[in-house]
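What follows is the content of entry_20.cif (mmCIF, C-alpha atoms and all ligand atoms).
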```cif
data_my_file
loop_
_atom_site.label_atom_id
_atom_site.label_comp_id
_atom_site.auth_asym_id
_atom_site.auth_seq_id
_atom_site.Cartn_x
_atom_site.Cartn_y
_atom_site.Cartn_z
CA MET V 1 9.60 10.49 -26.36
CA ALA V 2 7.49 8.02 -24.35
CA ARG V 3 3.89 8.46 -23.17
CA VAL V 4 3.58 8.48 -19.37
CA HIS V 5 0.79 9.15 -16.91
CA ASN V 6 1.04 12.22 -14.71
CA TRP V 7 -1.77 12.19 -12.12
CA GLN V 8 -1.05 15.75 -11.02
CA ILE V 9 -2.10 17.14 -14.40
CA GLY V 10 -4.83 14.53 -14.89
CA ARG V 11 -3.58 13.14 -18.19
CA GLU V 12 -0.87 11.40 -20.16
CA MET V 13 2.10 13.42 -21.34
CA SER V 14 5.35 13.01 -23.25
CA TYR V 15 8.57 12.28 -21.35
CA TRP V 16 12.05 11.37 -22.48
CA TYR V 17 11.99 7.91 -20.82
CA PRO V 18 9.16 5.37 -20.28
CA GLU V 19 7.25 5.43 -16.98
CA SER V 20 9.25 3.61 -14.31
CA ARG V 21 8.17 4.32 -10.75
CA PRO V 22 10.41 3.40 -7.80
CA GLN V 23 9.39 0.76 -5.24
CA LYS V 24 8.90 3.64 -2.77
CA GLN V 25 8.82 7.36 -3.49
CA PHE V 26 10.32 9.84 -1.02
CA ALA V 27 7.87 12.71 -0.49
CA ALA V 28 7.20 15.58 1.88
CA VAL V 29 4.47 17.96 2.98
CA PHE V 30 5.31 21.58 3.94
CA ASP V 31 2.64 23.58 5.80
CA ILE V 32 3.26 27.11 4.50
CA ASN V 33 0.94 28.59 7.11
CA LYS V 34 3.46 27.75 9.81
CA CYS V 35 6.70 28.91 8.18
CA ILE V 36 8.27 31.90 9.96
CA GLY V 37 11.04 32.48 7.41
CA CYS V 38 13.79 31.93 9.99
CA GLN V 39 16.07 30.20 7.42
CA THR V 40 17.17 27.61 10.00
CA CYS V 41 16.49 24.93 7.37
CA THR V 42 18.69 26.81 4.88
CA LEU V 43 21.56 26.91 7.36
CA ALA V 44 21.04 23.31 8.50
CA CYS V 45 21.53 22.21 4.89
CA LYS V 46 24.35 24.67 4.20
CA THR V 47 26.45 23.50 7.14
CA THR V 48 25.74 19.84 6.39
CA TRP V 49 26.28 19.64 2.63
CA THR V 50 27.41 22.85 0.91
CA SER V 51 30.13 24.45 3.02
CA GLY V 52 32.92 23.46 0.61
CA LYS V 53 34.82 25.41 -2.02
CA GLY V 54 32.80 26.04 -5.17
CA GLN V 55 29.58 25.59 -3.21
CA GLU V 56 29.42 29.11 -1.74
CA TYR V 57 26.39 30.20 -3.77
CA MET V 58 24.54 26.89 -3.53
CA LEU V 59 21.32 26.74 -1.51
CA TRP V 60 19.94 23.23 -1.88
CA ASN V 61 17.29 24.47 0.56
CA ASN V 62 16.16 28.08 0.29
CA VAL V 63 13.21 30.06 1.63
CA GLU V 64 11.89 32.89 -0.51
CA SER V 65 9.21 35.47 0.33
CA LYS V 66 6.45 35.39 -2.24
CA PRO V 67 5.33 37.26 -4.29
CA TYR V 68 8.71 38.99 -4.93
CA GLY V 69 11.30 36.58 -3.59
CA CYS V 70 13.01 34.14 -5.94
CA TYR V 71 16.29 32.24 -6.03
CA PRO V 72 17.72 32.33 -8.63
CA LEU V 73 16.17 35.55 -9.93
CA ALA V 74 12.76 35.12 -11.58
CA TRP V 75 13.08 31.32 -11.81
CA ASP V 76 9.31 30.86 -11.67
CA LEU V 77 8.32 33.85 -13.81
CA LYS V 78 10.58 32.78 -16.65
CA LEU V 79 9.04 29.32 -16.74
CA LEU V 80 5.47 30.61 -16.56
CA GLU V 81 6.28 32.93 -19.45
CA MET V 82 7.74 30.03 -21.48
CA LEU V 83 4.53 28.04 -20.95
CA ASN V 84 2.30 31.06 -21.70
CA GLY V 85 0.73 30.66 -18.26
CA GLY V 86 -0.93 27.34 -19.19
CA LYS V 87 -4.64 26.52 -18.94
CA TRP V 88 -6.52 24.07 -16.71
CA ASN V 89 -9.86 22.49 -17.52
CA GLY V 90 -11.09 21.38 -14.12
CA LYS V 91 -8.38 19.05 -12.78
CA ALA V 92 -6.85 18.42 -16.22
CA TYR V 93 -4.06 20.61 -17.54
CA GLU V 94 -4.66 21.66 -21.13
CA GLY V 95 -1.49 23.64 -21.70
CA GLN V 96 1.92 22.21 -22.56
CA THR V 97 4.42 20.89 -20.03
CA ILE V 98 8.10 21.78 -20.28
CA PHE V 99 8.67 18.46 -22.08
CA GLU V 100 5.89 19.02 -24.61
CA SER V 101 6.89 22.60 -25.34
CA ALA V 102 10.58 21.78 -25.93
CA PRO V 103 11.91 23.35 -29.15
CA ALA V 104 12.97 20.90 -31.91
CA GLY V 105 16.24 19.22 -31.01
CA GLU V 106 15.94 19.93 -27.28
CA ARG V 107 14.64 17.68 -24.50
CA VAL V 108 12.95 20.32 -22.34
CA SER V 109 12.07 24.02 -22.42
CA GLY V 110 14.58 25.55 -20.07
CA TRP V 111 17.04 28.32 -19.38
CA ARG V 112 20.33 28.58 -17.56
CA PRO V 113 20.79 31.26 -14.89
CA ASP V 114 23.98 33.34 -14.97
CA ASP V 115 26.09 34.54 -12.02
CA HIS V 116 23.94 37.66 -11.63
CA ASP V 117 20.79 35.54 -11.18
CA TYR V 118 22.36 33.83 -8.17
CA ALA V 119 23.61 37.04 -6.58
CA TYR V 120 20.51 37.98 -4.55
CA PRO V 121 19.25 35.01 -2.52
CA ASN V 122 17.21 37.26 -0.22
CA VAL V 123 15.64 39.51 -2.85
CA GLY V 124 12.10 40.51 -1.88
CA GLU V 125 12.46 39.12 1.63
CA ASP V 126 9.52 40.20 3.82
CA ASP V 127 8.21 42.54 1.08
CA CYS V 128 4.44 42.55 0.95
CA THR V 129 2.28 43.21 -2.09
CA GLY V 130 1.78 46.91 -1.48
CA GLN V 131 2.12 49.80 0.91
CA VAL V 132 0.41 49.33 4.25
CA ASP V 133 -0.94 52.63 5.56
CA LYS V 134 0.35 53.80 8.91
CA GLY V 135 -1.22 51.71 11.67
CA ALA V 136 -3.12 49.43 9.26
CA SER V 137 -0.69 46.56 9.88
CA LEU V 138 -2.03 46.34 13.41
CA SER V 139 -5.56 45.52 12.29
CA LEU V 140 -6.85 42.63 10.20
CA PRO V 141 -7.74 42.19 7.49
CA HIS V 142 -5.52 44.66 5.69
CA MET V 143 -5.16 44.33 1.96
CA HIS V 144 -1.56 43.20 1.59
CA TRP V 145 0.17 39.91 2.03
CA PHE V 146 3.32 37.87 1.58
CA PHE V 147 4.30 34.35 2.53
CA TYR V 148 7.40 32.20 2.86
CA LEU V 149 8.00 29.44 0.36
CA ALA V 150 10.58 26.90 1.53
CA ARG V 151 12.06 24.93 -1.38
CA ILE V 152 14.21 21.86 -1.82
CA CYS V 153 14.62 19.48 -4.77
CA ASN V 154 11.26 17.82 -5.41
CA HIS V 155 12.75 14.41 -6.26
CA CYS V 156 10.33 14.47 -9.17
CA THR V 157 8.68 11.40 -10.65
CA TYR V 158 9.62 12.77 -14.10
CA PRO V 159 12.79 14.74 -13.36
CA ALA V 160 13.75 17.30 -15.99
CA CYS V 161 17.34 17.25 -14.75
CA LEU V 162 17.55 13.53 -15.48
CA ALA V 163 15.84 13.88 -18.86
CA SER V 164 18.20 16.71 -19.86
CA CYS V 165 21.49 14.98 -19.10
CA PRO V 166 23.15 13.80 -22.33
CA ARG V 167 25.55 11.52 -20.41
CA GLY V 168 22.96 9.70 -18.30
CA SER V 169 24.72 10.92 -15.15
CA ILE V 170 21.53 11.58 -13.21
CA TYR V 171 19.54 8.69 -11.82
CA LYS V 172 16.49 8.04 -9.68
CA ARG V 173 17.06 5.40 -7.02
CA PRO V 174 14.62 2.49 -7.39
CA GLU V 175 14.47 1.91 -3.62
CA ASP V 176 13.32 5.41 -2.60
CA GLY V 177 12.89 7.62 -5.69
CA ILE V 178 15.65 10.02 -4.58
CA VAL V 179 17.28 11.76 -7.58
CA LEU V 180 21.09 11.95 -7.54
CA VAL V 181 23.94 13.14 -9.77
CA ASP V 182 26.66 10.51 -10.32
CA GLN V 183 29.76 12.64 -9.65
CA GLY V 184 31.97 10.17 -11.48
CA ARG V 185 30.01 10.34 -14.73
CA CYS V 186 29.11 14.06 -14.75
CA ARG V 187 31.20 16.18 -17.14
CA GLY V 188 29.67 19.53 -16.19
CA TYR V 189 27.66 20.20 -19.35
CA GLN V 190 25.06 21.90 -17.11
CA GLU V 191 22.14 20.69 -19.19
CA CYS V 192 20.48 19.68 -15.88
CA VAL V 193 20.88 23.24 -14.54
CA ARG V 194 19.16 24.47 -17.68
CA GLY V 195 16.48 21.76 -17.58
CA CYS V 196 15.30 21.82 -13.95
CA PRO V 197 12.49 24.37 -13.86
CA TYR V 198 12.83 24.70 -10.06
CA LYS V 199 16.55 25.47 -10.47
CA LYS V 200 17.55 22.94 -7.85
CA VAL V 201 20.70 21.67 -9.56
CA PHE V 202 23.85 23.76 -9.12
CA TYR V 203 27.13 23.73 -11.00
CA ASN V 204 30.32 23.56 -8.96
CA PRO V 205 33.00 25.47 -10.93
CA LEU V 206 35.83 23.93 -8.88
CA THR V 207 34.92 20.28 -9.34
CA GLY V 208 33.41 20.84 -12.81
CA THR V 209 30.34 18.81 -11.89
CA SER V 210 26.72 19.51 -11.00
CA GLU V 211 25.40 18.96 -7.49
CA LYS V 212 21.97 18.91 -5.91
CA CYS V 213 19.90 18.10 -2.82
CA ILE V 214 20.29 14.44 -1.93
CA ALA V 215 17.30 14.31 0.47
CA CYS V 216 19.92 13.44 3.14
CA PHE V 217 19.79 9.87 1.85
CA PRO V 218 22.28 8.56 4.46
CA LYS V 219 19.66 9.57 7.06
CA ILE V 220 16.68 8.31 5.05
CA GLU V 221 18.40 4.92 4.80
CA GLN V 222 18.35 4.80 8.61
CA GLY V 223 14.70 5.79 8.86
CA LEU V 224 15.50 9.40 9.79
CA GLN V 225 14.14 12.64 8.30
CA PRO V 226 16.51 15.06 6.48
CA GLN V 227 18.39 17.80 8.35
CA CYS V 228 16.23 20.67 7.06
CA PHE V 229 13.15 18.82 8.37
CA VAL V 230 14.35 18.06 11.88
CA ASN V 231 15.84 21.54 12.37
CA CYS V 232 12.70 23.34 11.23
CA ILE V 233 11.74 25.81 13.96
CA GLY V 234 8.18 26.20 12.69
CA LYS V 235 7.65 22.42 12.53
CA ILE V 236 6.19 22.87 9.07
CA ARG V 237 7.70 19.73 7.49
CA LEU V 238 6.82 16.05 7.36
CA ALA V 239 8.84 13.52 5.35
CA GLY V 240 7.50 10.16 4.22
CA TRP V 241 6.43 8.06 1.26
CA ILE V 242 3.75 8.74 -1.30
CA SER V 243 1.67 6.20 -3.22
CA LYS V 244 -0.03 6.63 -6.56
CA PRO V 245 -3.57 8.01 -6.04
CA ASP V 246 -5.24 4.65 -6.77
CA ARG V 247 -3.06 2.98 -4.08
CA ALA V 248 -3.50 5.66 -1.40
CA ARG V 249 -3.72 4.36 2.18
CA ALA V 250 -5.34 6.43 4.93
CA GLU V 251 -2.79 5.21 7.50
CA ASN V 252 0.07 6.72 5.44
CA PRO V 253 0.42 10.37 6.59
CA ILE V 254 1.52 11.71 3.19
CA ASP V 255 -1.20 9.79 1.31
CA TYR V 256 -3.77 11.06 3.78
CA LEU V 257 -2.79 14.72 3.33
CA VAL V 258 -2.24 14.61 -0.44
CA HIS V 259 -4.68 12.03 -1.81
CA ILE V 260 -7.42 11.65 0.78
CA LYS V 261 -7.81 15.10 2.30
CA LYS V 262 -6.27 16.86 -0.74
CA VAL V 263 -5.01 19.57 1.59
CA ALA V 264 -1.41 19.50 0.26
CA LEU V 265 -0.61 20.38 -3.36
CA PRO V 266 2.39 20.13 -5.71
CA LEU V 267 4.38 23.23 -6.71
CA PHE V 268 3.73 24.21 -10.35
CA PRO V 269 2.22 20.86 -11.39
CA GLN V 270 1.77 22.30 -14.89
CA PHE V 271 5.53 22.05 -15.48
CA GLY V 272 4.84 18.29 -15.78
CA LEU V 273 7.47 16.76 -13.49
CA GLU V 274 5.12 15.31 -10.84
CA PRO V 275 7.15 16.94 -8.03
CA ASN V 276 7.05 15.10 -4.68
CA VAL V 277 7.15 18.01 -2.23
CA TYR V 278 3.58 19.09 -1.41
CA TYR V 279 2.45 22.37 0.12
CA ILE V 280 -0.50 23.26 2.31
CA PRO V 281 -1.31 26.65 0.74
CA PRO V 282 -1.39 29.82 2.87
CA VAL V 283 -4.96 30.69 3.82
CA HIS V 284 -4.49 34.49 3.73
CA VAL V 285 -3.34 34.78 0.11
CA PRO V 286 -5.72 35.53 -2.82
CA PRO V 287 -6.62 32.21 -4.51
CA PRO V 288 -5.83 33.39 -8.09
CA PHE V 289 -2.17 33.86 -7.13
CA LEU V 290 -2.11 30.44 -5.46
CA ARG V 291 -3.87 28.66 -8.35
CA GLN V 292 -1.10 29.53 -10.82
CA MET V 293 1.36 28.14 -8.28
CA PHE V 294 -0.35 25.03 -6.91
CA GLY V 295 -3.01 24.23 -9.51
CA PRO V 296 -6.79 24.04 -9.37
CA GLY V 297 -7.07 22.25 -5.98
CA VAL V 298 -6.23 25.43 -4.01
CA ASP V 299 -9.75 26.49 -2.98
CA GLU V 300 -10.67 23.01 -1.72
CA ALA V 301 -7.35 22.69 0.14
CA ILE V 302 -7.82 26.02 1.90
CA GLN V 303 -11.38 25.14 2.92
CA THR V 304 -10.26 21.76 4.26
CA TYR V 305 -7.40 23.31 6.21
CA LYS V 306 -9.60 26.03 7.68
CA ASN V 307 -11.99 23.33 8.83
CA ALA V 308 -9.23 21.39 10.64
CA PRO V 309 -10.47 22.47 14.12
CA ASN V 310 -13.68 20.51 13.36
CA ASP V 311 -11.80 17.57 11.87
CA PRO V 312 -10.01 15.67 14.65
CA ASP V 313 -8.16 13.33 12.28
CA LEU V 314 -6.71 16.16 10.19
CA SER V 315 -5.84 18.33 13.18
CA GLY V 316 -4.38 15.25 14.88
CA LEU V 317 -2.15 14.42 11.93
CA LEU V 318 -0.96 18.04 11.73
CA CYS V 319 0.38 17.53 15.29
CA LEU V 320 2.87 14.96 13.94
CA PHE V 321 4.80 17.61 11.98
CA GLY V 322 8.15 18.21 13.64
CA SER V 323 7.41 15.77 16.45
CA THR V 324 10.21 13.26 15.84
CA GLU V 325 13.42 12.75 13.87
CA MET V 326 12.10 9.41 12.64
CA VAL V 327 10.30 9.02 9.30
CA VAL V 328 6.78 7.97 10.28
CA PRO V 329 5.25 5.72 7.60
CA ARG V 330 1.96 5.16 9.49
CA TRP V 331 -0.21 7.05 11.91
CA ARG V 332 -3.44 6.69 13.84
CA ARG V 333 -5.49 8.77 16.26
CA GLN V 334 -6.98 7.45 19.48
CA GLY V 335 -9.12 10.05 21.17
CA GLU V 336 -6.92 13.05 21.85
CA THR V 337 -3.65 11.22 21.16
CA VAL V 338 -1.86 10.74 17.84
CA PHE V 339 0.52 7.84 17.27
CA GLY V 340 3.23 7.58 14.64
CA THR V 341 4.33 4.00 13.96
CA ASP V 342 6.60 2.03 11.68
CA ASP V 343 5.22 -0.33 9.03
CA LYS V 344 4.82 -3.11 11.60
CA GLY V 345 2.78 -0.91 13.94
CA THR V 346 5.57 -0.33 16.49
CA GLU V 347 5.19 3.06 18.13
CA LEU V 348 7.74 5.70 17.10
CA VAL V 349 6.11 8.76 18.61
CA LYS V 350 3.03 9.64 20.66
CA ILE V 351 1.65 13.20 20.72
CA PRO V 352 -1.18 14.71 22.76
CA MET V 353 -3.44 16.87 20.60
CA LYS V 354 -3.78 19.36 23.42
CA GLU V 355 -0.77 20.41 25.45
CA PRO V 356 -1.46 20.29 29.17
CA VAL V 357 -1.45 23.72 30.86
CA TYR V 358 -0.17 24.12 34.41
CA VAL V 359 -0.97 27.27 36.36
CA ARG V 360 1.60 27.74 39.10
CA ALA V 361 1.09 29.59 42.34
CA GLY V 362 2.23 33.20 42.42
CA TYR V 363 4.39 32.47 45.47
CA ASP V 364 6.39 29.23 45.73
CA LYS V 365 6.53 28.30 49.42
CA LEU V 366 9.12 25.53 48.91
CA TYR V 367 11.71 27.78 47.26
CA GLN V 368 10.36 30.97 48.84
CA ILE V 369 10.26 32.86 45.58
CA ALA V 370 7.66 34.87 43.71
CA ARG V 371 6.96 33.65 40.16
CA THR V 372 7.43 36.53 37.78
CA ASN V 373 5.28 34.78 35.15
CA CYS V 374 2.19 35.14 37.35
CA PRO V 375 0.08 38.30 37.62
S1 LIG A 401 13.38 19.48 -8.69
FE1 LIG A 401 14.82 19.74 -10.37
S2 LIG A 401 16.72 18.82 -9.58
FE2 LIG A 401 15.05 18.03 -8.32
S3 LIG A 401 14.44 16.09 -9.32
FE3 LIG A 401 13.08 17.71 -10.09
S4 LIG A 401 14.09 18.36 -11.99
FE4 LIG A 401 15.65 17.25 -10.81
S1 LIG A 402 13.26 26.28 9.42
FE1 LIG A 402 11.06 25.88 9.04
S2 LIG A 402 10.04 27.73 9.79
FE2 LIG A 402 12.21 28.28 9.53
S3 LIG A 402 12.31 29.07 7.39
FE3 LIG A 402 12.79 26.87 7.28
S4 LIG A 402 10.83 25.91 6.76
FE4 LIG A 402 10.34 27.97 7.56
#
```

As structure tokens - that is how I would like this structure written.
Ligand code: SF4
Ligand code: SF4
Amino acid sequence: MARVHNWQIGREMSYWYPESRPQKQFAAVFDINKCIGCQTCTLACKTTWTSGKGQEYMLWNNVESKPYGCYPLAWDLKLLEMLNGGKWNGKAYEGQTIFESAPAGERVSGWRPDDHDYAYPNVGEDDCTGQVDKGASLSLPHMHWFFYLARICNHCTYPACLASCPRGSIYKRPEDGIVLVDQGRCRGYQECVRGCPYKKVFYNPLTGTSEKCIACFPKIEQGLQPQCFVNCIGKIRLAGWISKPDRARAENPIDYLVHIKKVALPLFPQFGLEPNVYYIPPVHVPPPFLRQMFGPGVDEAIQTYKNAPNDPDLSGLLCLFGSTEMVVPRWRRQGETVFGTDDKGTELVKIPMKEPVYVRAGYDKLYQIARTNCP
């Protein structure tokens, strides 16, 4: 085992290979507050990548309703149980990661789902935490909650799938940090399926190999965001590149949200993989539930997000989500307009922070019609 630095848990940790960061790291921010659970992302991925034989059960992108939803069954609960919950001391994680808690002779603490665990992709969908009395749902606040958690492969800095593979079939691309399974080398041992705590590698029984989200790399190579991002109805997703915290640049949208504003947080950072999909936590959910999921930065992130109406830069950047198919590596705000640009400063997209509103006359003299949208 090598010693590597994991900034998300605020300390060094053990990993199977020495630290070797890519030249650029693919990353994303998902704003949970905006997700409507429509599953358009799930279908966009399904029809693009997993409509073949042997892939029927695969959901490289899935959306589960928390607290009860999970695909495969109990993927998160099992891991939390294996790590005994884990303890934080301020921003430093004091418990063991899945690499540090691995039993003798094994590379990670993991488990492999069986067919039954994959049989209920929509379990818990739209279930809230308790019974809402008749009529109470119409008034706020009422005491119960749920939220949608959209999940893809995190293209982790320290991937457990890669560490688990005894054949070295999984690799992290040096040019963009995307994690892929070499289909020619894979022999279907399924150690990656067992090792990934997020359960984002799937075994194809027909080809005898493992498969996973590829971050739509043919699109990324052309400067375009993945399919599940551009099809997102709620415009909750933003793809880009993340720097290490000490190299964060304010003009990089992902750096700004993750490192500077600290409004977007990793999913289960205590697992130790330094996952590269970041979530803006839902503001209506009790913080203790969110802290076990996104770490100790939850309270600060929620406060920052709630204050966005008074923070023109943050609210401006949030307007860039879902605004273009292009990956936007830089951004800037000028007054009430937000610009997304490429690395050379060439404009890719321009968004007004306030949509213009036009009030039309109740009767249109030109077409001699009454507008039904007017009182
Ligand atoms: S989320 Fe799982 S499959 Fe994706 S890189 Fe991390 S360990 Fe590998
Ligand atoms: S398409 Fe967007 S809004 Fe719809 S479920 Fe997926 S992430 Fe949520």

**OP:** Counting only C-alpha atoms and all ligand atoms, figure out which residue out of V:Cys196, V:Leu162, V:Leu79, V:Leu238 gets nearest to ligand LIG 402 (chain A).
**Re:** V:Leu238

Original post:
For ligand LIG 401 (chain A), which residue out of V:Asp127, V:Glu56, V:Asp364, V:Glu211 is the nearest one, using all atoms listed in the file?
Top reply: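 That would be V:Glu211, the residue with the smallest distance to ligand LIG 401 (chain A).
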
Subject >> V:Thr337 environment, 8 Å, only C-alpha atoms, sequence neighbours closer than 2 positions dropped, as a PyMOL selection string >> reply: chain V and resi 316+333-335+339+350-353

Original post:
Skipping near chain neighbours, those fewer than 2 positions away, what residues fall within 8 Å of stretch 242-248 of chain V using all atoms listed in the file, listed as a PyMOL selection string?
Top reply: chain V and resi 7+24-27+240+250+252+254-256+259-260+276

Original post:
Would you name the residues within 8 Å of ligand LIG 402 (chain A), counting all atoms listed in the file, and put them as a list of chain:residue names?
Top reply: V:Phe30, V:Ile32, V:Lys34, V:Cys35, V:Ile36, V:Gly37, V:Cys38, V:Gln39, V:Thr40, V:Cys41, V:Thr42, V:Asn62, V:Val63, V:Tyr148, V:Leu149, V:Ala150, V:Cys228, V:Phe229, V:Asn231, V:Cys232, V:Ile233, V:Gly234, V:Lys235, V:Ile236, V:Arg237

Subject >> Environment of ligand LIG 401 (chain A) within 8 Å, counting all atoms listed in the file, reported as a list of chain:residue names >> reply: V:Ile152, V:Cys153, V:Asn154, V:His155, V:Cys156, V:Thr157, V:Tyr158, V:Pro159, V:Ala160, V:Cys161, V:Leu162, V:Ile178, V:Val179, V:Cys192, V:Val193, V:Gly195, V:Cys196, V:Pro197, V:Tyr198, V:Lys199, V:Lys200, V:Val201, V:Lys212, V:Cys213, V:Leu273, V:Pro275

**OP:** Step by step: start from the point (5.9, 1.0, 16.9) in the file's coordinates, keep every protein, DNA or RNA residue that has an atom no farther than 12 Å from it, count only C-alpha atoms, and write the set as a list of chain:residue names.
**Re:**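 Residues lying no farther than 12 Å from the given point: V:Met326, V:Val327, V:Val328, V:Pro329, V:Arg330, V:Trp331, V:Arg332, V:Phe339, V:Gly340, V:Thr341, V:Asp342, V:Asp343, V:Lys344, V:Gly345, V:Thr346, V:Glu347, V:Leu348, V:Val349, V:Lys350.
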
Original post:
Excluding same-chain residues fewer than 6 positions from stretch 66-68 of chain V, what lies within 6 Å of it counting only C-alpha atoms, as a ChimeraX atom specification?
Top reply: /V:124,146-147

Selected residues written out with C-alpha atoms, as a short mmCIF file (atom, residue, chain, number, x, y, z; two decimals), in the frame of the given file:
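The file below, result-v6.cif, is the result:
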```cif
data_model
loop_
_atom_site.label_atom_id
_atom_site.label_comp_id
_atom_site.auth_asym_id
_atom_site.auth_seq_id
_atom_site.Cartn_x
_atom_site.Cartn_y
_atom_site.Cartn_z
CA GLY V 124 12.10 40.51 -1.88
CA PHE V 146 3.32 37.87 1.58
CA PHE V 147 4.30 34.35 2.53
#
```

Stretch 188-190 of chain V environment, 6 Å, all atoms listed in the file, sequence neighbours closer than 6 positions dropped, as an mmCIF file with C-alpha atoms, in the coordinates of the input:
```cif
data_model
loop_
_atom_site.group_PDB
_atom_site.id
_atom_site.type_symbol
_atom_site.label_atom_id
_atom_site.label_comp_id
_atom_site.auth_asym_id
_atom_site.auth_seq_id
_atom_site.Cartn_x
_atom_site.Cartn_y
_atom_site.Cartn_z
ATOM 1 C CA GLY V 208 33.410 20.840 -12.810
ATOM 2 C CA THR V 209 30.340 18.810 -11.890
ATOM 3 C CA SER V 210 26.720 19.510 -11.000
#
```

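In terms of minimum interatomic distance to V:Gly54, V:Tyr203 ranks closest within V:Phe99, V:Tyr15, V:Tyr278, V:Tyr203, counting only C-alpha atoms.
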
**OP:** Quick one: pull the distance between atom CA of V:Cys128 and atom CA of V:Pro309, Å, one decimal.
**Re:**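 Atom-to-atom, atom CA of V:Cys128 and atom CA of V:Pro309 are spaced 28.3 Å apart.
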
**OP:** Tell me, as a PyMOL selection string, which residues lie within 8 Å of V:Tyr17, counting all atoms listed in the file; anything in the same chain fewer than 5 positions away does not count.
**Re:** chain V and resi 1-2+163

Taking all listed atoms of stretch 306-324 of chain V, build the axis-aligned box, pad each of the six sides by 8 Å, then write its centre and edge lengths in Å to one decimal as JSON.
```
{"center_x": -1.7, "center_y": 19.6, "center_z": 12.1, "size_x": 39.9, "size_y": 28.8, "size_z": 24.8}
```

Per-residue nearest contacts stretch 89-123 of chain V to stretch 295-307 of chain V, cut-off 10 Å, using all atoms listed in the file, as CSV:
```
residue,atom,partner,partner_atom,distance
V:Asn89,CA,V:Pro296,CA,8.8
V:Gly90,CA,V:Pro296,CA,6.9
V:Lys91,CA,V:Pro296,CA,6.2
V:Ala92,CA,V:Pro296,CA,8.9
V:Tyr93,CA,V:Gly295,CA,8.9
```

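Across the structure, atom CA of V:Gln270 and atom CA of V:Thr97 are spaced 6.0 Å apart.
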
Stretch 140-178 of chain V from the block above, C-alpha atoms, as a short mmCIF file (atom, residue, chain, number, x, y, z; two decimals), in the first residue's frame, please?
```cif
data_model
loop_
_atom_site.label_atom_id
_atom_site.label_comp_id
_atom_site.auth_asym_id
_atom_site.auth_seq_id
_atom_site.Cartn_x
_atom_site.Cartn_y
_atom_site.Cartn_z
CA LEU V 140 -45.05 24.24 4.93
CA PRO V 141 -43.12 23.33 6.89
CA HIS V 142 -44.43 19.83 7.48
CA MET V 143 -42.18 17.36 9.21
CA HIS V 144 -41.38 14.92 6.42
CA TRP V 145 -39.03 15.00 3.51
CA PHE V 146 -37.38 13.12 0.68
CA PHE V 147 -35.05 14.13 -2.11
CA TYR V 148 -33.73 12.79 -5.40
CA LEU V 149 -30.12 11.68 -5.62
CA ALA V 150 -28.88 11.38 -9.21
CA ARG V 151 -25.81 9.13 -9.45
CA ILE V 152 -23.21 8.31 -12.06
CA CYS V 153 -19.67 6.94 -11.73
CA ASN V 154 -17.61 9.48 -9.78
CA HIS V 155 -14.43 8.97 -11.85
CA CYS V 156 -12.68 8.88 -8.50
CA THR V 157 -9.16 10.12 -7.89
CA TYR V 158 -8.53 6.88 -5.97
CA PRO V 159 -10.89 4.43 -7.70
CA ALA V 160 -11.69 1.29 -5.72
CA CYS V 161 -12.67 -0.49 -8.93
CA LEU V 162 -9.18 0.09 -10.32
CA ALA V 163 -7.48 -0.90 -7.06
CA SER V 164 -9.54 -4.11 -6.86
CA CYS V 165 -8.82 -5.44 -10.34
CA PRO V 166 -6.25 -8.26 -10.17
CA ARG V 167 -5.60 -8.06 -13.94
CA GLY V 168 -4.98 -4.32 -14.16
CA SER V 169 -7.87 -4.01 -16.62
CA ILE V 170 -9.16 -0.73 -15.23
CA TYR V 171 -7.31 2.48 -15.94
CA LYS V 172 -7.62 6.20 -15.34
CA ARG V 173 -6.90 8.29 -18.42
CA PRO V 174 -4.04 10.73 -17.83
CA GLU V 175 -5.58 13.36 -20.13
CA ASP V 176 -8.95 13.70 -18.35
CA GLY V 177 -9.08 11.39 -15.31
CA ILE V 178 -11.96 9.34 -16.77
#
```
